[in-house]
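A.B. asks: Following this message is one structure expressed as structure tokens.
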Amino acid sequence: MTKEIIQERLNQAFSGAALQWAEPWGMLECTIPADQNLAIATFLFQELGFQFLTDITGIHYPEQEGKELGIITHLHNLKDNIRLRLKAFVPVAAPDTHSLTSVFSGADWMERETYDFFGINFVGHHNLKRILNVDEMDYFPMRKEYQMEDPTRLDKDDEMFGR
Amino acid sequence: MVEKHIQLAENSVEKETTTINLGPTHPATHGIFQNIMEIDGERVIKTEMTVGYIHRAFEKIAERRPYSQITPLTDRLNYCSAPINNFGWHMTIEKLVGLEVPKRVDYLRVIIMELARIADHLVCNSVIGVDTGALTPFTYVFQWREKIYEIYEGICGSRLTTNIGRIGGFERNFTDDTWKKIHDFMEGFPAVLKEFETLLTRNRIFMDRCIGAGPISAERALNWSMTGPNLRAAGVDYDVRVHSPYSSYNEFDFKIPVGSAGDVYDRYLVRNGEMWESYRIIQQALDKLKGMDSSIFHADAPEFYLPEKADVYTKMEALIYHFKIVMGETDLPPGEVYHSVEGGNGELGYYLVSDGGRTPYRLHFRRPCFIYYQAFNEMVAGGLFSDAVVTLSSINVIAGELDA
């Protein structure tokens, strides 16, 4: 199994999905449609040996209209020692994607954490509720509109060295 | 799984099972997290784990901090092996900017990382002893953890949350006193570990409490994304040091101890085996260091590595770089990297997205114990309640890492 075979097999099996490939810093990366993530993960699990889920996390790009929220999944083929990063983008207005819990049990808390911080809705997750933050919280704190410091404070203005 | 043995009258207000809380503050949890356990007599039926009691929003804080100020945040993840976290973060930055560090730095890092692994495993394994009723090994090996902390102290000045090293190397060279402490440790440690094993490994009470407690199969452990000694105890030889070598680990000759049953006893044995291997790695690193130029302890990377104080007062460039680094004004190249290291309890990953600014656009920590702790319910269901307590101490859950 090589990176080329993975690209070829995946392109073949999901020819309608317009997969985009990249390889930043030596890690194979594929941008996939968010509604096909479960099908692709299942295919990778069953056919290409990606049976280890390293991580699921989110990212927020407020300026990318219609693709504000990203779901980043790291998979690992332990047999051939190949890592693969899957990226899927969803609009912030309807942040729906499929849950991978039916393939990877370990996705459970990773998805709960991603939901907790980014509000990404993993359809099919059996217990999608907040995990690290309090249940009463009514916003998703890792989104970029929530600043670390209180933006109304004048004494904390650091336009010289702040982001 | 659990047979029904209590017969209650219809409409009884009594329940067949009892719900108890193990935690949030309970000696058996060794940290702040809650396990709501439904038990039937002595048997555990179901556990619901609640985490997040010490969540400190590190990922959000990191988005506002320059990279050098993120190292202290990583200390507070798995604080039993903080140097591994620090170096892991430094290596992530080095990977992003394409910085090559000298071989000597690699070996020095390996020595400290393996010492940290020994410290971490000493705590975890001796705590299994404490939870099974043997306090002596714990107090005994803690002396030796103390010696490791003194080595950290000689290098960076702090002990638990170390903030050790800098991007590109170390803040200062190891002193003769530190080398003496390392050599003293290497001399005395094998006898101690041997004695520790003599106290526990073939101890009848310890074996009876540990064998068969909290087992997990290799297949399930992989499916739960477990890593580290817990996965290896189940029989999968996945080790980041071998699969994705960093810091010249590919030059070292060491074995990956694996278990078969994935129970508490196997986890204990795997950790002990790893301590022996760590010891061997340190020996090899010390051998490799012989004959190397002992004045090298950092890479030549003026943009990232703080210059000598004497140079700051006398040289213009040093002053500029000093100012830029201290004020956090060095921009990172834009890009996305994932770097992982074998932490004390599993694959500790850093997913860093940089947009070219002075701080990360997004930084995510893959915390191994957050991920494998979710399998706790499966590991203890159907077993005795006392097994659940031992299981909890054997999987090395560190609250700081759990909640980030």
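Order determines the names: the first chain of the structure tokens is A, the second B, and so forth; residues in each chain are numbered 1 upward, and ligands are numbered 1 upward as they are shown.
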Which residues of stretch 18-47 of chain A sit at most 12 Å from stretch 89-104 of chain B, using only C-alpha atoms? Give each one's shortest atom pair and distance in Å (one decimal place), in chain and ascending residue order, as a tab-separated table.
C.D. replies:
residue	atom	partner	partner_atom	distance
A:Pro24	CA	B:Leu96	CA	10.0
A:Trp25	CA	B:Leu96	CA	7.8
A:Gly26	CA	B:Lys95	CA	10.5
A.B. asks: Please check the contacts: residues of chain A at most 10 Å away from chain B, using only C-alpha atoms, listed as a short mmCIF file (atom, residue, chain, number, x, y, z; two decimals) with all heavy atoms, in the first residue's frame.
C.D. replies:
data_model
loop_
_atom_site.label_atom_id
_atom_site.label_comp_id
_atom_site.auth_asym_id
_atom_site.auth_seq_id
_atom_site.Cartn_x
_atom_site.Cartn_y
_atom_site.Cartn_z
N PRO A 24 0.83 18.36 2.55
CA PRO A 24 1.67 19.32 3.28
C PRO A 24 2.50 18.62 4.36
O PRO A 24 1.98 17.80 5.11
CB PRO A 24 0.64 20.27 3.90
CG PRO A 24 -0.61 19.48 3.99
CD PRO A 24 -0.57 18.41 2.97
N TRP A 25 3.76 18.95 4.39
CA TRP A 25 4.69 18.41 5.38
C TRP A 25 4.63 16.88 5.45
O TRP A 25 4.68 16.28 6.51
CB TRP A 25 4.43 19.02 6.76
CG TRP A 25 5.10 20.34 6.93
CD1 TRP A 25 6.32 20.57 7.48
CD2 TRP A 25 4.61 21.62 6.53
NE1 TRP A 25 6.61 21.91 7.43
CE2 TRP A 25 5.59 22.57 6.85
CE3 TRP A 25 3.44 22.04 5.89
CZ2 TRP A 25 5.43 23.92 6.58
CZ3 TRP A 25 3.29 23.39 5.63
CH2 TRP A 25 4.27 24.31 5.97
N GLY A 26 4.50 16.26 4.29
CA GLY A 26 4.61 14.80 4.22
C GLY A 26 3.39 14.03 4.66
O GLY A 26 3.41 12.82 4.67
N MET A 27 2.33 14.72 5.04
CA MET A 27 1.13 13.97 5.42
C MET A 27 0.08 14.08 4.32
O MET A 27 -0.27 15.17 3.89
CB MET A 27 0.56 14.48 6.75
CG MET A 27 -0.76 13.88 6.99
SD MET A 27 -1.40 13.37 8.57
CE MET A 27 -0.39 13.84 9.84
N GLN A 51 -7.47 1.51 10.04
CA GLN A 51 -8.31 1.02 11.13
C GLN A 51 -8.01 1.72 12.44
O GLN A 51 -8.50 1.31 13.48
CB GLN A 51 -8.10 -0.49 11.28
CG GLN A 51 -8.39 -1.19 9.97
CD GLN A 51 -8.69 -2.64 10.12
OE1 GLN A 51 -8.36 -3.24 11.12
NE2 GLN A 51 -9.33 -3.22 9.13
N PHE A 52 -7.20 2.73 12.39
CA PHE A 52 -6.90 3.46 13.63
C PHE A 52 -7.26 4.93 13.45
O PHE A 52 -6.76 5.59 12.54
CB PHE A 52 -5.42 3.32 13.98
CG PHE A 52 -5.09 3.87 15.34
CD1 PHE A 52 -5.32 3.14 16.48
CD2 PHE A 52 -4.55 5.14 15.46
CE1 PHE A 52 -5.03 3.66 17.73
CE2 PHE A 52 -4.26 5.66 16.70
CZ PHE A 52 -4.49 4.93 17.84
N LEU A 53 -8.15 5.39 14.30
CA LEU A 53 -8.55 6.79 14.25
C LEU A 53 -7.67 7.55 15.23
O LEU A 53 -7.72 7.32 16.43
CB LEU A 53 -10.02 6.91 14.66
CG LEU A 53 -10.56 8.31 14.82
CD1 LEU A 53 -10.63 9.02 13.49
CD2 LEU A 53 -11.93 8.28 15.45
N THR A 54 -6.85 8.44 14.69
CA THR A 54 -5.95 9.18 15.58
C THR A 54 -6.69 10.32 16.25
O THR A 54 -6.60 10.48 17.47
CB THR A 54 -4.76 9.73 14.79
OG1 THR A 54 -4.12 8.64 14.15
CG2 THR A 54 -3.77 10.42 15.69
N ASP A 55 -7.42 11.07 15.48
CA ASP A 55 -8.02 12.26 16.09
C ASP A 55 -9.13 12.84 15.21
O ASP A 55 -9.09 12.71 14.00
CB ASP A 55 -6.93 13.32 16.27
CG ASP A 55 -7.29 14.31 17.35
OD1 ASP A 55 -8.27 14.06 18.04
OD2 ASP A 55 -6.59 15.32 17.49
N ILE A 56 -10.09 13.47 15.88
CA ILE A 56 -11.09 14.29 15.16
C ILE A 56 -11.09 15.65 15.84
O ILE A 56 -11.12 15.73 17.07
CB ILE A 56 -12.51 13.69 15.24
CG1 ILE A 56 -12.56 12.33 14.55
CG2 ILE A 56 -13.52 14.62 14.61
CD1 ILE A 56 -13.90 11.65 14.67
N THR A 57 -11.03 16.69 15.05
CA THR A 57 -11.14 18.01 15.65
C THR A 57 -11.76 18.97 14.65
O THR A 57 -12.06 18.60 13.52
CB THR A 57 -9.76 18.50 16.16
OG1 THR A 57 -9.95 19.66 16.93
CG2 THR A 57 -8.82 18.80 15.02
N GLY A 58 -11.97 20.19 15.09
CA GLY A 58 -12.62 21.17 14.23
C GLY A 58 -11.76 22.38 14.01
O GLY A 58 -10.72 22.57 14.65
N ILE A 59 -12.20 23.22 13.08
CA ILE A 59 -11.50 24.48 12.85
C ILE A 59 -12.53 25.46 12.30
O ILE A 59 -13.52 25.05 11.68
CB ILE A 59 -10.29 24.31 11.90
CG1 ILE A 59 -9.42 25.56 11.87
CG2 ILE A 59 -10.73 23.92 10.49
CD1 ILE A 59 -8.04 25.33 11.29
N HIS A 60 -12.32 26.73 12.56
CA HIS A 60 -13.29 27.75 12.14
C HIS A 60 -12.60 28.79 11.27
O HIS A 60 -11.64 29.41 11.70
CB HIS A 60 -13.91 28.42 13.38
CG HIS A 60 -15.03 29.34 13.04
ND1 HIS A 60 -15.38 30.41 13.84
CD2 HIS A 60 -15.89 29.37 11.99
CE1 HIS A 60 -16.40 31.04 13.29
NE2 HIS A 60 -16.72 30.45 12.18
N TYR A 61 -13.10 28.93 10.03
CA TYR A 61 -12.63 30.00 9.13
C TYR A 61 -13.81 30.91 8.85
O TYR A 61 -14.57 30.66 7.92
CB TYR A 61 -12.12 29.41 7.81
CG TYR A 61 -10.87 28.58 7.92
CD1 TYR A 61 -10.94 27.19 7.82
CD2 TYR A 61 -9.63 29.16 8.07
CE1 TYR A 61 -9.79 26.41 7.90
CE2 TYR A 61 -8.47 28.39 8.14
CZ TYR A 61 -8.56 27.02 8.04
OH TYR A 61 -7.44 26.26 8.12
N ILE A 72 -11.69 17.99 10.91
CA ILE A 72 -10.40 17.42 10.54
C ILE A 72 -10.23 16.08 11.22
O ILE A 72 -10.31 15.97 12.44
CB ILE A 72 -9.27 18.38 10.90
CG1 ILE A 72 -9.33 19.57 9.94
CG2 ILE A 72 -7.91 17.73 10.74
CD1 ILE A 72 -9.24 20.86 10.58
N HIS A 74 -7.87 12.64 11.51
CA HIS A 74 -6.59 11.99 11.24
C HIS A 74 -6.77 10.49 11.35
O HIS A 74 -7.22 9.99 12.38
CB HIS A 74 -5.52 12.44 12.23
CG HIS A 74 -5.02 13.81 12.00
ND1 HIS A 74 -5.56 14.92 12.59
CD2 HIS A 74 -4.02 14.27 11.20
CE1 HIS A 74 -4.90 16.00 12.18
NE2 HIS A 74 -3.97 15.63 11.34
N LEU A 78 -1.97 1.39 10.38
CA LEU A 78 -0.84 0.95 11.20
C LEU A 78 0.00 -0.10 10.49
O LEU A 78 1.21 -0.20 10.72
CB LEU A 78 -1.35 0.38 12.53
CG LEU A 78 -1.96 1.39 13.50
CD1 LEU A 78 -2.45 0.67 14.74
CD2 LEU A 78 -0.96 2.46 13.89
N LYS A 79 -0.64 -0.88 9.62
CA LYS A 79 0.09 -1.96 8.96
C LYS A 79 1.15 -1.39 8.02
O LYS A 79 2.30 -1.80 8.03
CB LYS A 79 -0.90 -2.83 8.19
CG LYS A 79 -0.38 -4.21 7.91
CD LYS A 79 -1.51 -5.14 7.51
CE LYS A 79 -1.03 -6.13 6.47
NZ LYS A 79 -1.37 -5.77 5.09
N ASP A 80 0.73 -0.44 7.19
CA ASP A 80 1.69 0.16 6.25
C ASP A 80 2.26 1.47 6.76
O ASP A 80 3.05 2.10 6.07
CB ASP A 80 1.01 0.38 4.90
CG ASP A 80 0.49 -0.92 4.32
OD1 ASP A 80 1.31 -1.77 4.02
OD2 ASP A 80 -0.74 -1.07 4.24
N ASN A 81 1.82 1.86 7.93
CA ASN A 81 2.31 3.08 8.58
C ASN A 81 2.13 4.31 7.69
O ASN A 81 3.09 5.00 7.37
CB ASN A 81 3.78 2.90 9.00
CG ASN A 81 4.20 3.94 10.00
OD1 ASN A 81 3.34 4.59 10.62
ND2 ASN A 81 5.49 4.13 10.17
N ILE A 82 0.90 4.54 7.27
CA ILE A 82 0.59 5.73 6.48
C ILE A 82 -0.46 6.52 7.25
O ILE A 82 -1.46 5.96 7.72
CB ILE A 82 0.05 5.36 5.09
CG1 ILE A 82 1.10 4.57 4.32
CG2 ILE A 82 -0.34 6.62 4.32
CD1 ILE A 82 0.61 3.99 3.02
N ARG A 83 -0.21 7.80 7.39
CA ARG A 83 -1.21 8.66 8.02
C ARG A 83 -1.97 9.42 6.95
O ARG A 83 -1.42 9.75 5.90
CB ARG A 83 -0.54 9.65 8.97
CG ARG A 83 0.04 9.04 10.22
CD ARG A 83 0.73 10.10 11.02
NE ARG A 83 1.50 9.57 12.13
CZ ARG A 83 1.04 9.40 13.37
NH1 ARG A 83 -0.21 9.70 13.64
NH2 ARG A 83 1.80 8.92 14.32
N ARG A 85 -4.99 12.60 6.47
CA ARG A 85 -5.82 13.62 7.09
C ARG A 85 -7.01 13.89 6.17
O ARG A 85 -6.83 14.16 4.99
CB ARG A 85 -5.01 14.91 7.27
CG ARG A 85 -5.79 16.04 7.90
CD ARG A 85 -4.99 17.32 7.90
NE ARG A 85 -3.80 17.22 8.71
CZ ARG A 85 -2.61 17.73 8.35
NH1 ARG A 85 -2.48 18.37 7.22
NH2 ARG A 85 -1.57 17.62 9.15
N THR A 101 -18.93 7.15 14.75
CA THR A 101 -18.95 6.23 15.89
C THR A 101 -19.31 4.81 15.48
O THR A 101 -18.96 3.87 16.18
CB THR A 101 -19.92 6.70 16.97
OG1 THR A 101 -21.10 7.18 16.34
CG2 THR A 101 -19.32 7.79 17.82
N VAL A 103 -18.13 3.23 13.00
CA VAL A 103 -16.91 2.56 12.54
C VAL A 103 -15.88 2.53 13.66
O VAL A 103 -15.26 1.51 13.93
CB VAL A 103 -16.33 3.28 11.31
CG1 VAL A 103 -15.20 2.47 10.71
CG2 VAL A 103 -17.40 3.54 10.27
N PHE A 104 -15.67 3.68 14.31
CA PHE A 104 -14.66 3.79 15.36
C PHE A 104 -15.36 4.13 16.68
O PHE A 104 -15.95 5.21 16.80
CB PHE A 104 -13.67 4.92 15.04
CG PHE A 104 -12.92 4.74 13.76
CD1 PHE A 104 -13.27 5.46 12.63
CD2 PHE A 104 -11.87 3.85 13.67
CE1 PHE A 104 -12.57 5.31 11.45
CE2 PHE A 104 -11.17 3.70 12.49
CZ PHE A 104 -11.53 4.43 11.37
N SER A 105 -15.27 3.25 17.65
CA SER A 105 -15.86 3.56 18.96
C SER A 105 -15.21 4.79 19.55
O SER A 105 -15.82 5.60 20.24
CB SER A 105 -15.67 2.40 19.92
OG SER A 105 -16.09 1.20 19.35
N GLY A 106 -13.91 4.94 19.30
CA GLY A 106 -13.16 6.04 19.88
C GLY A 106 -13.59 7.41 19.39
O GLY A 106 -13.19 8.42 19.96
N ALA A 107 -14.38 7.45 18.32
CA ALA A 107 -14.83 8.75 17.81
C ALA A 107 -15.81 9.42 18.77
O ALA A 107 -16.05 10.63 18.66
CB ALA A 107 -15.48 8.58 16.44
N ASP A 108 -16.36 8.65 19.69
CA ASP A 108 -17.40 9.14 20.59
C ASP A 108 -17.03 10.46 21.27
O ASP A 108 -17.65 11.50 21.01
CB ASP A 108 -17.67 8.04 21.63
CG ASP A 108 -18.85 8.35 22.52
OD1 ASP A 108 -19.26 9.52 22.55
OD2 ASP A 108 -19.34 7.43 23.20
N TRP A 109 -16.00 10.45 22.09
CA TRP A 109 -15.65 11.66 22.83
C TRP A 109 -14.99 12.71 21.94
O TRP A 109 -15.10 13.89 22.19
CB TRP A 109 -14.73 11.32 24.01
CG TRP A 109 -15.47 10.77 25.17
CD1 TRP A 109 -16.73 10.27 25.16
CD2 TRP A 109 -15.00 10.66 26.52
NE1 TRP A 109 -17.07 9.84 26.41
CE2 TRP A 109 -16.04 10.08 27.27
CE3 TRP A 109 -13.82 11.00 27.16
CZ2 TRP A 109 -15.91 9.82 28.63
CZ3 TRP A 109 -13.69 10.75 28.51
CH2 TRP A 109 -14.73 10.16 29.24
N MET A 110 -14.27 12.25 20.90
CA MET A 110 -13.65 13.23 20.00
C MET A 110 -14.73 14.08 19.35
O MET A 110 -14.61 15.30 19.22
CB MET A 110 -12.86 12.51 18.91
CG MET A 110 -11.73 11.65 19.40
SD MET A 110 -10.95 10.87 17.97
CE MET A 110 -10.02 9.57 18.74
N PHE A 117 -16.98 22.50 21.28
CA PHE A 117 -16.22 23.72 21.02
C PHE A 117 -16.58 24.41 19.72
O PHE A 117 -16.36 25.60 19.57
CB PHE A 117 -14.72 23.40 21.05
CG PHE A 117 -14.23 23.13 22.43
CD1 PHE A 117 -13.98 21.84 22.85
CD2 PHE A 117 -14.06 24.17 23.32
CE1 PHE A 117 -13.55 21.60 24.15
CE2 PHE A 117 -13.64 23.93 24.61
CZ PHE A 117 -13.38 22.65 25.03
N ARG A 130 -22.42 18.26 25.48
CA ARG A 130 -21.14 18.87 25.85
C ARG A 130 -20.32 17.95 26.74
O ARG A 130 -20.87 17.15 27.49
CB ARG A 130 -21.42 20.20 26.57
CG ARG A 130 -21.93 21.25 25.63
CD ARG A 130 -22.05 22.58 26.31
NE ARG A 130 -22.59 23.56 25.38
CZ ARG A 130 -21.85 24.27 24.53
NH1 ARG A 130 -20.54 24.09 24.49
NH2 ARG A 130 -22.41 25.13 23.71
N ILE A 131 -19.01 18.09 26.64
CA ILE A 131 -18.17 17.18 27.43
C ILE A 131 -17.24 17.93 28.37
O ILE A 131 -17.15 17.60 29.54
CB ILE A 131 -17.42 16.18 26.52
CG1 ILE A 131 -16.63 15.18 27.34
CG2 ILE A 131 -16.51 16.88 25.52
CD1 ILE A 131 -16.28 13.94 26.61
N LEU A 132 -16.55 18.95 27.90
CA LEU A 132 -15.62 19.65 28.78
C LEU A 132 -16.24 20.92 29.37
O LEU A 132 -15.92 21.31 30.48
CB LEU A 132 -14.32 20.00 28.04
CG LEU A 132 -13.43 18.82 27.63
CD1 LEU A 132 -12.19 19.30 26.92
CD2 LEU A 132 -13.03 17.98 28.83
N ASN A 133 -17.11 21.58 28.62
CA ASN A 133 -17.75 22.78 29.13
C ASN A 133 -19.02 22.44 29.90
O ASN A 133 -19.50 21.30 29.83
CB ASN A 133 -18.09 23.72 27.97
CG ASN A 133 -16.84 24.33 27.37
OD1 ASN A 133 -15.99 24.83 28.09
ND2 ASN A 133 -16.72 24.27 26.06
N VAL A 134 -19.55 23.43 30.61
CA VAL A 134 -20.78 23.18 31.38
C VAL A 134 -21.95 23.00 30.42
O VAL A 134 -21.99 23.59 29.34
CB VAL A 134 -21.06 24.33 32.36
CG1 VAL A 134 -20.11 24.30 33.53
CG2 VAL A 134 -21.03 25.67 31.67
N PRO A 141 -17.36 27.97 22.14
CA PRO A 141 -16.30 28.93 22.47
C PRO A 141 -15.09 28.94 21.54
O PRO A 141 -14.38 29.93 21.51
CB PRO A 141 -15.88 28.51 23.88
CG PRO A 141 -16.33 27.11 24.03
CD PRO A 141 -17.54 26.97 23.19
N MET A 142 -14.83 27.88 20.79
CA MET A 142 -13.64 27.91 19.94
C MET A 142 -13.90 28.61 18.61
O MET A 142 -12.98 28.75 17.80
CB MET A 142 -13.11 26.50 19.69
CG MET A 142 -12.33 25.91 20.84
SD MET A 142 -10.84 26.80 21.26
CE MET A 142 -9.76 26.23 19.97
N ARG A 143 -15.10 29.04 18.37
CA ARG A 143 -15.35 29.82 17.15
C ARG A 143 -14.66 31.17 17.28
O ARG A 143 -14.52 31.71 18.38
CB ARG A 143 -16.85 29.99 16.93
CG ARG A 143 -17.52 28.70 16.54
CD ARG A 143 -18.92 28.94 16.08
NE ARG A 143 -19.59 27.68 15.77
CZ ARG A 143 -20.89 27.58 15.52
NH1 ARG A 143 -21.64 28.66 15.55
NH2 ARG A 143 -21.41 26.41 15.24
N LYS A 144 -14.25 31.70 16.14
CA LYS A 144 -13.38 32.87 16.17
C LYS A 144 -14.06 34.13 16.68
O LYS A 144 -13.39 35.07 17.09
CB LYS A 144 -12.82 33.13 14.77
CG LYS A 144 -11.82 32.08 14.32
CD LYS A 144 -10.49 32.18 15.02
CE LYS A 144 -9.55 31.06 14.62
NZ LYS A 144 -8.35 31.01 15.44
N TYR A 146 -15.58 34.52 19.35
CA TYR A 146 -15.44 34.64 20.80
C TYR A 146 -13.97 34.88 21.13
O TYR A 146 -13.14 34.01 20.97
CB TYR A 146 -15.96 33.39 21.50
CG TYR A 146 -17.40 33.16 21.18
CD1 TYR A 146 -17.79 32.16 20.30
CD2 TYR A 146 -18.37 34.01 21.69
CE1 TYR A 146 -19.11 32.00 19.96
CE2 TYR A 146 -19.69 33.85 21.35
CZ TYR A 146 -20.05 32.84 20.48
OH TYR A 146 -21.36 32.69 20.14
N GLN A 147 -13.68 36.09 21.56
CA GLN A 147 -12.29 36.44 21.81
C GLN A 147 -11.88 35.98 23.20
O GLN A 147 -12.71 35.84 24.09
CB GLN A 147 -12.11 37.95 21.68
CG GLN A 147 -12.32 38.42 20.27
CD GLN A 147 -12.34 39.92 20.18
OE1 GLN A 147 -11.89 40.61 21.08
NE2 GLN A 147 -12.88 40.42 19.08
N MET A 148 -10.59 35.81 23.36
CA MET A 148 -10.08 35.38 24.65
C MET A 148 -10.34 36.42 25.72
O MET A 148 -10.82 36.15 26.80
CB MET A 148 -8.56 35.17 24.55
CG MET A 148 -8.16 33.77 24.32
SD MET A 148 -8.54 32.75 25.71
CE MET A 148 -7.43 33.43 26.91
N GLU A 149 -9.99 37.67 25.41
CA GLU A 149 -10.17 38.74 26.39
C GLU A 149 -11.52 39.40 26.13
O GLU A 149 -12.05 39.35 25.04
CB GLU A 149 -9.07 39.79 26.20
CG GLU A 149 -7.68 39.23 26.20
CD GLU A 149 -7.12 39.11 27.59
OE1 GLU A 149 -7.73 39.63 28.54
OE2 GLU A 149 -6.07 38.46 27.72
N PHE A 161 0.72 44.50 19.75
CA PHE A 161 1.22 43.14 19.78
C PHE A 161 0.12 42.10 19.79
O PHE A 161 0.39 40.92 19.89
CB PHE A 161 2.13 42.94 21.00
CG PHE A 161 3.34 43.83 20.96
CD1 PHE A 161 3.49 44.87 21.85
CD2 PHE A 161 4.28 43.64 19.97
CE1 PHE A 161 4.59 45.68 21.79
CE2 PHE A 161 5.38 44.46 19.91
CZ PHE A 161 5.55 45.49 20.82
N GLY A 162 -1.12 42.51 19.70
CA GLY A 162 -2.20 41.54 19.74
C GLY A 162 -2.50 41.02 18.36
O GLY A 162 -2.03 41.54 17.37
N ARG A 163 -3.26 39.98 18.29
CA ARG A 163 -3.69 39.45 17.01
C ARG A 163 -4.73 40.38 16.42
O ARG A 163 -5.63 40.78 17.09
CB ARG A 163 -4.29 38.06 17.19
CG ARG A 163 -4.81 37.46 15.93
CD ARG A 163 -5.21 36.04 16.17
NE ARG A 163 -4.10 35.13 15.90
CZ ARG A 163 -3.78 34.70 14.68
NH1 ARG A 163 -4.45 35.10 13.64
NH2 ARG A 163 -2.78 33.86 14.51
#
A.B. asks: Return the single residue from A:Thr97, A:Glu47, A:Tyr115, A:Val92 that is closest to A:Glu68, with distances computed using only C-alpha atoms.
C.D. replies: A:Val92
A.B. asks: Choose the residue, out of B:Phe174, B:Phe185, B:Tyr79, B:Phe196, that has the smallest atom-to-atom separation from B:Thr161; count only C-alpha atoms.
C.D. replies: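 Ranking B:Phe174, B:Phe185, B:Tyr79, B:Phe196 by distance to B:Thr161, first place goes to B:Tyr79.
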A.B. asks: When DSSP works through the backbone of this structure, what residues of stretch 223-351 of chain B end up as helix (DSSP H, G or I), shown as a VMD selection string?
C.D. replies: chain B and resid 223 228 to 233 240 to 243 249 to 251 264 to 289 309 to 314 316 to 326
A.B. asks: When you count only C-alpha atoms, which of these residues is closest to B:Tyr149: B:Cys80, B:Ser386, B:Leu306, B:Leu199?
C.D. replies: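 The shortest atom-to-atom distance to B:Tyr149 comes from B:Cys80.
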A.B. asks: Any idea what the distance is between atom CA of B:Ser294 and atom CA of B:Glu150?
C.D. replies: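 Distance between the two atoms: 21.3 Å.
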A.B. asks: Given only C-alpha atoms as the basis, pick out the residue of B:Glu10, B:Gly214, B:Leu193, B:Tyr107 nearest to B:Lys290.
C.D. replies: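 Closest candidate: B:Tyr107.
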A.B. asks: Could you list, as a list of chain:residue names, every residue within 8 Å of B:Gly343, counting only C-alpha atoms and ignoring same-chain residues fewer than 3 positions away?
C.D. replies: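 Answer for this query is B:Ser81, B:Ile84, B:Asn85, B:Arg117, B:Gly228, B:Gly346, B:Glu347, B:Leu348.
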A.B. asks: Got time to write the residues from that selection, C-alpha atoms, as a PDB file, in the first residue's frame?
C.D. replies:
ATOM      1  CA  SER B  81       5.973  13.540  32.162  1.00  0.00           C
ATOM      2  CA  ILE B  84       7.952  14.961  26.747  1.00  0.00           C
ATOM      3  CA  ASN B  85       5.101  17.408  26.178  1.00  0.00           C
ATOM      4  CA  ARG B 117       8.938   8.193  30.886  1.00  0.00           C
ATOM      5  CA  GLY B 228       0.656   3.819  24.654  1.00  0.00           C
ATOM      6  CA  GLY B 346       0.260   7.259  24.608  1.00  0.00           C
ATOM      7  CA  GLU B 347       0.431   9.170  21.382  1.00  0.00           C
ATOM      8  CA  LEU B 348       0.507  12.840  22.227  1.00  0.00           C
TER       9      LEU B 348
END
A.B. asks: Taking the DSSP assignment computed from this structure's backbone, write out as a list in words all residues of stretch 185-341 of chain B that belong to strand (DSSP E).
C.D. replies: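 Assigned to strand (DSSP E), within stretch 185-341 of chain B: Gly335, Glu336, Val337, Tyr338, His339, Ser340 and Val341 of chain B.
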A.B. asks: For the residues in that selection, give me all heavy atoms as a compact mmCIF listing (two decimals), in the first residue's frame.
C.D. replies:
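As a result, result.txt now contains:
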# COMPACT_ATOMS: atom_id res chain seq x y z
N GLY B 335 0.95 27.17 7.31
CA GLY B 335 0.96 25.74 7.02
C GLY B 335 0.25 24.95 8.08
O GLY B 335 -0.27 25.49 9.06
N GLU B 336 0.20 23.65 7.85
CA GLU B 336 -0.50 22.75 8.75
C GLU B 336 0.39 21.57 9.04
O GLU B 336 0.83 20.90 8.12
CB GLU B 336 -1.75 22.20 8.06
CG GLU B 336 -2.99 22.96 8.35
CD GLU B 336 -4.16 22.40 7.59
OE1 GLU B 336 -4.45 21.21 7.73
OE2 GLU B 336 -4.78 23.17 6.84
N VAL B 337 0.68 21.33 10.29
CA VAL B 337 1.47 20.14 10.60
C VAL B 337 0.81 19.35 11.72
O VAL B 337 0.12 19.90 12.57
CB VAL B 337 2.92 20.44 11.02
CG1 VAL B 337 3.70 21.06 9.93
CG2 VAL B 337 2.99 21.30 12.24
N TYR B 338 1.02 18.06 11.65
CA TYR B 338 0.66 17.19 12.77
C TYR B 338 1.94 16.50 13.20
O TYR B 338 2.63 15.90 12.38
CB TYR B 338 -0.39 16.16 12.34
CG TYR B 338 -0.71 15.18 13.44
CD1 TYR B 338 -1.62 15.52 14.43
CD2 TYR B 338 -0.08 13.95 13.52
CE1 TYR B 338 -1.88 14.65 15.47
CE2 TYR B 338 -0.36 13.07 14.54
CZ TYR B 338 -1.27 13.43 15.51
OH TYR B 338 -1.53 12.57 16.54
N HIS B 339 2.26 16.65 14.45
CA HIS B 339 3.44 15.96 14.96
C HIS B 339 3.04 15.22 16.22
O HIS B 339 2.28 15.74 17.03
CB HIS B 339 4.55 16.96 15.28
CG HIS B 339 5.82 16.31 15.72
ND1 HIS B 339 6.65 15.66 14.85
CD2 HIS B 339 6.38 16.19 16.94
CE1 HIS B 339 7.68 15.17 15.52
NE2 HIS B 339 7.55 15.47 16.79
N SER B 340 3.53 14.00 16.36
CA SER B 340 3.17 13.28 17.57
C SER B 340 4.40 12.68 18.21
O SER B 340 5.38 12.35 17.53
CB SER B 340 2.13 12.20 17.28
OG SER B 340 2.62 11.31 16.33
N VAL B 341 4.36 12.57 19.50
CA VAL B 341 5.43 11.94 20.26
C VAL B 341 4.81 10.87 21.15
O VAL B 341 3.61 10.89 21.43
CB VAL B 341 6.20 12.95 21.13
CG1 VAL B 341 6.99 13.90 20.28
CG2 VAL B 341 5.29 13.70 22.07
